[in-house]
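J.: Sending over query-v8.cif (mmCIF, C-alpha atoms, pLDDT in the B column; chains and numbers go by the auth columns).
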```
data_query
loop_
_atom_site.group_PDB
_atom_site.id
_atom_site.type_symbol
_atom_site.label_atom_id
_atom_site.label_comp_id
_atom_site.label_asym_id
_atom_site.label_seq_id
_atom_site.Cartn_x
_atom_site.Cartn_y
_atom_site.Cartn_z
_atom_site.B_iso_or_equiv
_atom_site.auth_seq_id
_atom_site.auth_asym_id
ATOM 1 C CA GLN A 1 -3.492 -2.246 17.490 84.00 239 A
ATOM 2 C CA ALA A 2 -1.265 -1.179 14.615 90.00 240 A
ATOM 3 C CA HIS A 3 0.013 2.365 14.237 95.00 241 A
ATOM 4 C CA LEU A 4 0.998 3.138 10.645 97.00 242 A
ATOM 5 C CA VAL A 5 2.979 6.086 9.291 98.00 243 A
ATOM 6 C CA GLU A 6 3.534 6.603 5.559 98.00 244 A
ATOM 7 C CA SER A 7 6.407 8.543 4.030 98.00 245 A
ATOM 8 C CA GLY A 8 8.120 9.041 0.693 98.00 246 A
ATOM 9 C CA GLY A 9 5.435 10.918 -1.174 97.00 247 A
ATOM 10 C CA GLY A 10 6.189 14.005 -3.208 97.00 248 A
ATOM 11 C CA ALA A 11 6.058 15.609 -6.621 98.00 249 A
ATOM 12 C CA VAL A 12 7.555 13.921 -9.662 98.00 250 A
ATOM 13 C CA GLN A 13 7.321 14.230 -13.424 98.00 251 A
ATOM 14 C CA ALA A 14 5.603 11.633 -15.550 98.00 252 A
ATOM 15 C CA GLY A 15 7.859 8.668 -16.175 98.00 253 A
ATOM 16 C CA GLY A 16 9.616 9.108 -12.859 98.00 254 A
ATOM 17 C CA SER A 17 9.736 6.907 -9.787 98.00 255 A
ATOM 18 C CA LEU A 18 8.962 7.131 -6.102 98.00 256 A
ATOM 19 C CA ARG A 19 9.254 4.707 -3.222 98.00 257 A
ATOM 20 C CA LEU A 20 6.705 4.911 -0.463 98.00 258 A
ATOM 21 C CA SER A 21 7.337 3.487 2.990 98.00 259 A
ATOM 22 C CA CYS A 22 4.941 2.585 5.776 98.00 260 A
ATOM 23 C CA ALA A 23 6.427 2.166 9.245 97.00 261 A
ATOM 24 C CA ALA A 24 4.367 0.017 11.612 96.00 262 A
ATOM 25 C CA SER A 25 4.360 -0.127 15.395 90.00 263 A
ATOM 26 C CA GLY A 26 2.119 -1.273 18.213 78.00 264 A
ATOM 27 C CA HIS A 27 1.844 -4.945 17.308 76.00 265 A
ATOM 28 C CA THR A 28 3.870 -7.689 15.699 90.00 266 A
ATOM 29 C CA PHE A 29 4.187 -6.555 12.110 94.00 267 A
ATOM 30 C CA SER A 30 4.547 -10.082 10.792 95.00 268 A
ATOM 31 C CA THR A 31 1.004 -10.940 11.889 95.00 269 A
ATOM 32 C CA TYR A 32 -0.496 -8.407 9.469 97.00 270 A
ATOM 33 C CA ALA A 33 -1.449 -8.665 5.855 97.00 271 A
ATOM 34 C CA MET A 34 -0.727 -5.231 4.382 98.00 272 A
ATOM 35 C CA GLY A 35 -2.094 -3.121 1.593 98.00 273 A
ATOM 36 C CA TRP A 36 -1.768 0.153 -0.258 98.00 274 A
ATOM 37 C CA PHE A 37 -4.739 2.216 -1.381 98.00 275 A
ATOM 38 C CA ARG A 38 -5.081 5.652 -2.931 98.00 276 A
ATOM 39 C CA GLN A 39 -7.742 8.290 -3.035 98.00 277 A
ATOM 40 C CA ASN A 40 -8.492 11.638 -4.658 94.00 278 A
ATOM 41 C CA PRO A 41 -10.994 14.174 -3.302 92.00 279 A
ATOM 42 C CA GLY A 42 -14.557 13.221 -4.108 93.00 280 A
ATOM 43 C CA LYS A 43 -13.591 9.779 -5.335 95.00 281 A
ATOM 44 C CA GLU A 44 -13.711 6.331 -3.814 95.00 282 A
ATOM 45 C CA ARG A 45 -10.619 4.796 -2.336 96.00 283 A
ATOM 46 C CA GLU A 46 -8.859 2.644 -4.917 98.00 284 A
ATOM 47 C CA PHE A 47 -6.982 -0.580 -4.275 98.00 285 A
ATOM 48 C CA VAL A 48 -3.340 -0.384 -5.340 98.00 286 A
ATOM 49 C CA ALA A 49 -1.544 -3.456 -3.992 98.00 287 A
ATOM 50 C CA SER A 50 -1.509 -5.961 -1.160 98.00 288 A
ATOM 51 C CA ILE A 51 0.888 -8.470 0.309 98.00 289 A
ATOM 52 C CA SER A 52 0.569 -11.419 2.663 97.00 290 A
ATOM 53 C CA ARG A 53 2.302 -11.787 6.007 96.00 291 A
ATOM 54 C CA ASN A 54 5.113 -13.881 4.589 95.00 292 A
ATOM 55 C CA SER A 55 5.390 -12.005 1.262 96.00 293 A
ATOM 56 C CA GLY A 56 4.367 -15.209 -0.481 94.00 294 A
ATOM 57 C CA SER A 57 1.283 -13.661 -2.074 97.00 295 A
ATOM 58 C CA THR A 58 0.789 -10.287 -3.714 98.00 296 A
ATOM 59 C CA SER A 59 -1.979 -8.630 -5.671 98.00 297 A
ATOM 60 C CA TYR A 60 -2.140 -5.442 -7.748 98.00 298 A
ATOM 61 C CA GLY A 61 -4.817 -3.175 -9.093 98.00 299 A
ATOM 62 C CA ASP A 62 -5.131 -3.301 -12.869 97.00 300 A
ATOM 63 C CA SER A 63 -4.031 0.302 -13.282 97.00 301 A
ATOM 64 C CA VAL A 64 -0.672 -0.271 -11.575 98.00 302 A
ATOM 65 C CA LYS A 65 0.269 -3.788 -12.663 97.00 303 A
ATOM 66 C CA ASP A 66 3.760 -4.056 -14.120 96.00 304 A
ATOM 67 C CA ARG A 67 4.641 -0.564 -12.828 98.00 305 A
ATOM 68 C CA PHE A 68 4.338 -0.821 -9.044 98.00 306 A
ATOM 69 C CA THR A 69 5.886 -3.365 -6.688 98.00 307 A
ATOM 70 C CA ILE A 70 4.805 -4.000 -3.107 98.00 308 A
ATOM 71 C CA SER A 71 7.240 -5.481 -0.612 98.00 309 A
ATOM 72 C CA ARG A 72 7.787 -5.710 3.111 98.00 310 A
ATOM 73 C CA ASP A 73 10.595 -6.145 5.597 97.00 311 A
ATOM 74 C CA ASN A 74 9.241 -7.877 8.688 96.00 312 A
ATOM 75 C CA ALA A 75 12.520 -7.400 10.531 95.00 313 A
ATOM 76 C CA GLU A 76 12.242 -3.620 10.029 95.00 314 A
ATOM 77 C CA ASN A 77 8.439 -3.460 10.488 96.00 315 A
ATOM 78 C CA THR A 78 8.143 -1.638 7.189 97.00 316 A
ATOM 79 C CA LEU A 79 5.989 -1.898 4.094 98.00 317 A
ATOM 80 C CA TYR A 80 7.124 -0.486 0.744 98.00 318 A
ATOM 81 C CA LEU A 81 5.610 0.509 -2.564 98.00 319 A
ATOM 82 C CA GLN A 82 8.031 1.034 -5.441 98.00 320 A
ATOM 83 C CA MET A 83 6.316 3.103 -8.101 98.00 321 A
ATOM 84 C CA ASN A 84 7.892 3.295 -11.554 98.00 322 A
ATOM 85 C CA SER A 85 6.760 4.834 -14.837 98.00 323 A
ATOM 86 C CA LEU A 86 4.482 7.171 -12.961 98.00 324 A
ATOM 87 C CA LYS A 87 1.583 8.787 -14.783 98.00 325 A
ATOM 88 C CA PRO A 88 -0.451 11.903 -13.955 97.00 326 A
ATOM 89 C CA GLU A 89 -3.407 9.645 -13.151 96.00 327 A
ATOM 90 C CA ASP A 90 -1.359 8.132 -10.307 98.00 328 A
ATOM 91 C CA THR A 91 -1.723 11.431 -8.466 98.00 329 A
ATOM 92 C CA ALA A 92 -3.491 10.769 -5.161 98.00 330 A
ATOM 93 C CA VAL A 93 -3.079 10.440 -1.426 98.00 331 A
ATOM 94 C CA TYR A 94 -1.624 6.999 -0.779 98.00 332 A
ATOM 95 C CA TYR A 95 -2.557 5.086 2.350 98.00 333 A
ATOM 96 C CA CYS A 96 -1.147 1.943 3.870 98.00 334 A
ATOM 97 C CA ALA A 97 -3.435 -0.422 5.731 98.00 335 A
ATOM 98 C CA ALA A 98 -3.072 -3.462 7.992 97.00 336 A
ATOM 99 C CA ALA A 99 -5.229 -6.441 8.876 97.00 337 A
ATOM 100 C CA VAL A 100 -4.426 -9.327 11.171 94.00 338 A
ATOM 101 C CA ALA A 101 -4.223 -12.506 9.087 94.00 339 A
ATOM 102 C CA SER A 102 -4.247 -16.014 10.514 93.00 340 A
ATOM 103 C CA ASN A 103 -3.171 -17.503 7.192 94.00 341 A
ATOM 104 C CA PRO A 104 0.356 -16.389 6.285 92.00 342 A
ATOM 105 C CA PHE A 105 -0.555 -16.387 2.587 94.00 343 A
ATOM 106 C CA SER A 106 -3.754 -14.327 2.912 95.00 344 A
ATOM 107 C CA TYR A 107 -4.002 -10.896 1.323 96.00 345 A
ATOM 108 C CA TYR A 108 -6.919 -8.508 1.019 97.00 346 A
ATOM 109 C CA THR A 109 -7.999 -6.190 -1.772 97.00 347 A
ATOM 110 C CA ARG A 110 -11.002 -4.392 -0.289 97.00 348 A
ATOM 111 C CA ASP A 111 -10.618 -1.409 2.003 96.00 349 A
ATOM 112 C CA ARG A 112 -13.296 -2.650 4.403 97.00 350 A
ATOM 113 C CA GLN A 113 -11.116 -5.668 5.146 97.00 351 A
ATOM 114 C CA TYR A 114 -8.512 -3.437 6.787 98.00 352 A
ATOM 115 C CA PRO A 115 -9.191 -2.030 10.275 97.00 353 A
ATOM 116 C CA TYR A 116 -5.935 -0.085 10.599 97.00 354 A
ATOM 117 C CA TRP A 117 -4.882 2.841 8.423 98.00 355 A
ATOM 118 C CA GLY A 118 -2.122 5.400 8.174 98.00 356 A
ATOM 119 C CA GLN A 119 -2.650 9.128 7.686 97.00 357 A
ATOM 120 C CA GLY A 120 -1.623 9.087 4.019 98.00 358 A
ATOM 121 C CA THR A 121 1.103 10.633 1.907 98.00 359 A
ATOM 122 C CA GLN A 122 0.525 12.805 -1.166 98.00 360 A
ATOM 123 C CA VAL A 123 1.894 11.773 -4.544 98.00 361 A
ATOM 124 C CA THR A 124 1.666 14.294 -7.365 98.00 362 A
ATOM 125 C CA VAL A 125 2.702 13.393 -10.910 98.00 363 A
ATOM 126 C CA SER A 126 2.951 16.191 -13.443 97.00 364 A
ATOM 127 C CA SER A 127 2.847 15.787 -17.197 94.00 365 A
#
```
Output the file's structure in the form of structure tokens.

T.:
Amino acid sequence: QAHLVESGGGAVQAGGSLRLSCAASGHTFSTYAMGWFRQNPGKEREFVASISRNSGSTSYGDSVKDRFTISRDNAENTLYLQMNSLKPEDTAVYYCAAAVASNPFSYYTRDRQYPYWGQGTQVTVSS
């Protein structure tokens, strides 16, 4: 079972950048496809980005394409989300998620496909 801990959130002005990290433990990190989601109170969880076990496949939500980059370091058991050109509408709690993947190129974009979740980290973008 994966244990996930996010970090790197904070407050930033519009146009700025943040890098989120998700440290994984409890299982072999390289067996997991990983994803980032975000959520605001009263709203549904939104897909942000996902990456396959071997980093060979990635996917992004339309609202973050060309601004955010997902990556992973299997040697360090860590998932990253580089967020550039941040906008106020990017404000949310960001969660990382993990799912065991038999295919090293598989990635998942729906939250119900991920059984393991972190506790979230708040990102606040001011205008």

J.: On this file, the PyMOL selection byres ((chain A and resi 343-345) around 10) gives some set of residues; write that set as a list in words.

T.: Tyr270, Ala271, Met272, Gly273, Ala287, Ser288, Ile289, Ser290, Arg291, Asn292, Ser293, Gly294, Ser295, Thr296, Ser297, Ala337, Val338, Ala339, Ser340, Asn341, Pro342, Tyr346, Thr347, Arg348 and Gln351 of chain A

J.: Pick from A:Trp355, A:Tyr298, A:Phe275, A:Phe285: nearest to Val331 (chain A), with all atoms listed in the file counted?

T.: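 Answer, going by the shortest atom-to-atom distance: A:Phe275.
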
J.: Taking the file as I've supplied it (selection: the PyMOL selection byres ((chain A and resi 261-268) around 6)), which residues are included? Please answer as a list in words.

T.: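 Evaluating the PyMOL selection byres ((chain A and resi 261-268) around 6) on this file yields Gln239, Ala240, His241, Leu242, Val243, Cys260, Thr269, Tyr270, Arg291, Asn312, Asn315 and Thr316 of chain A.
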
J.: A:Asp304, A:Ala252, A:Asp311, A:Arg350: which is nearest Glu327 (chain A), counting only C-alpha atoms?

T.: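 Closest to Glu327 (chain A), using only C-alpha atoms: A:Ala252.
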
J.: What is the CA of Leu324 (chain A) to CA of Val363 (chain A) distance in Å?

T.: 6.8 Å

J.: Using all atoms listed in the file, which of the listed residues (A:Ser255, A:Ser245, A:Ser365, A:Gln277) sits closest to Asn322 (chain A)?

T.: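 Selected residue with least distance to Asn322 (chain A): A:Ser255.
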
J.: Smallest atom-to-atom distance to Lys325 (chain A): which of A:Arg276, A:Gly248, A:Val286, A:Ser364, using only C-alpha atoms?

T.: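 Closest to Lys325 (chain A), using only C-alpha atoms: A:Ser364.
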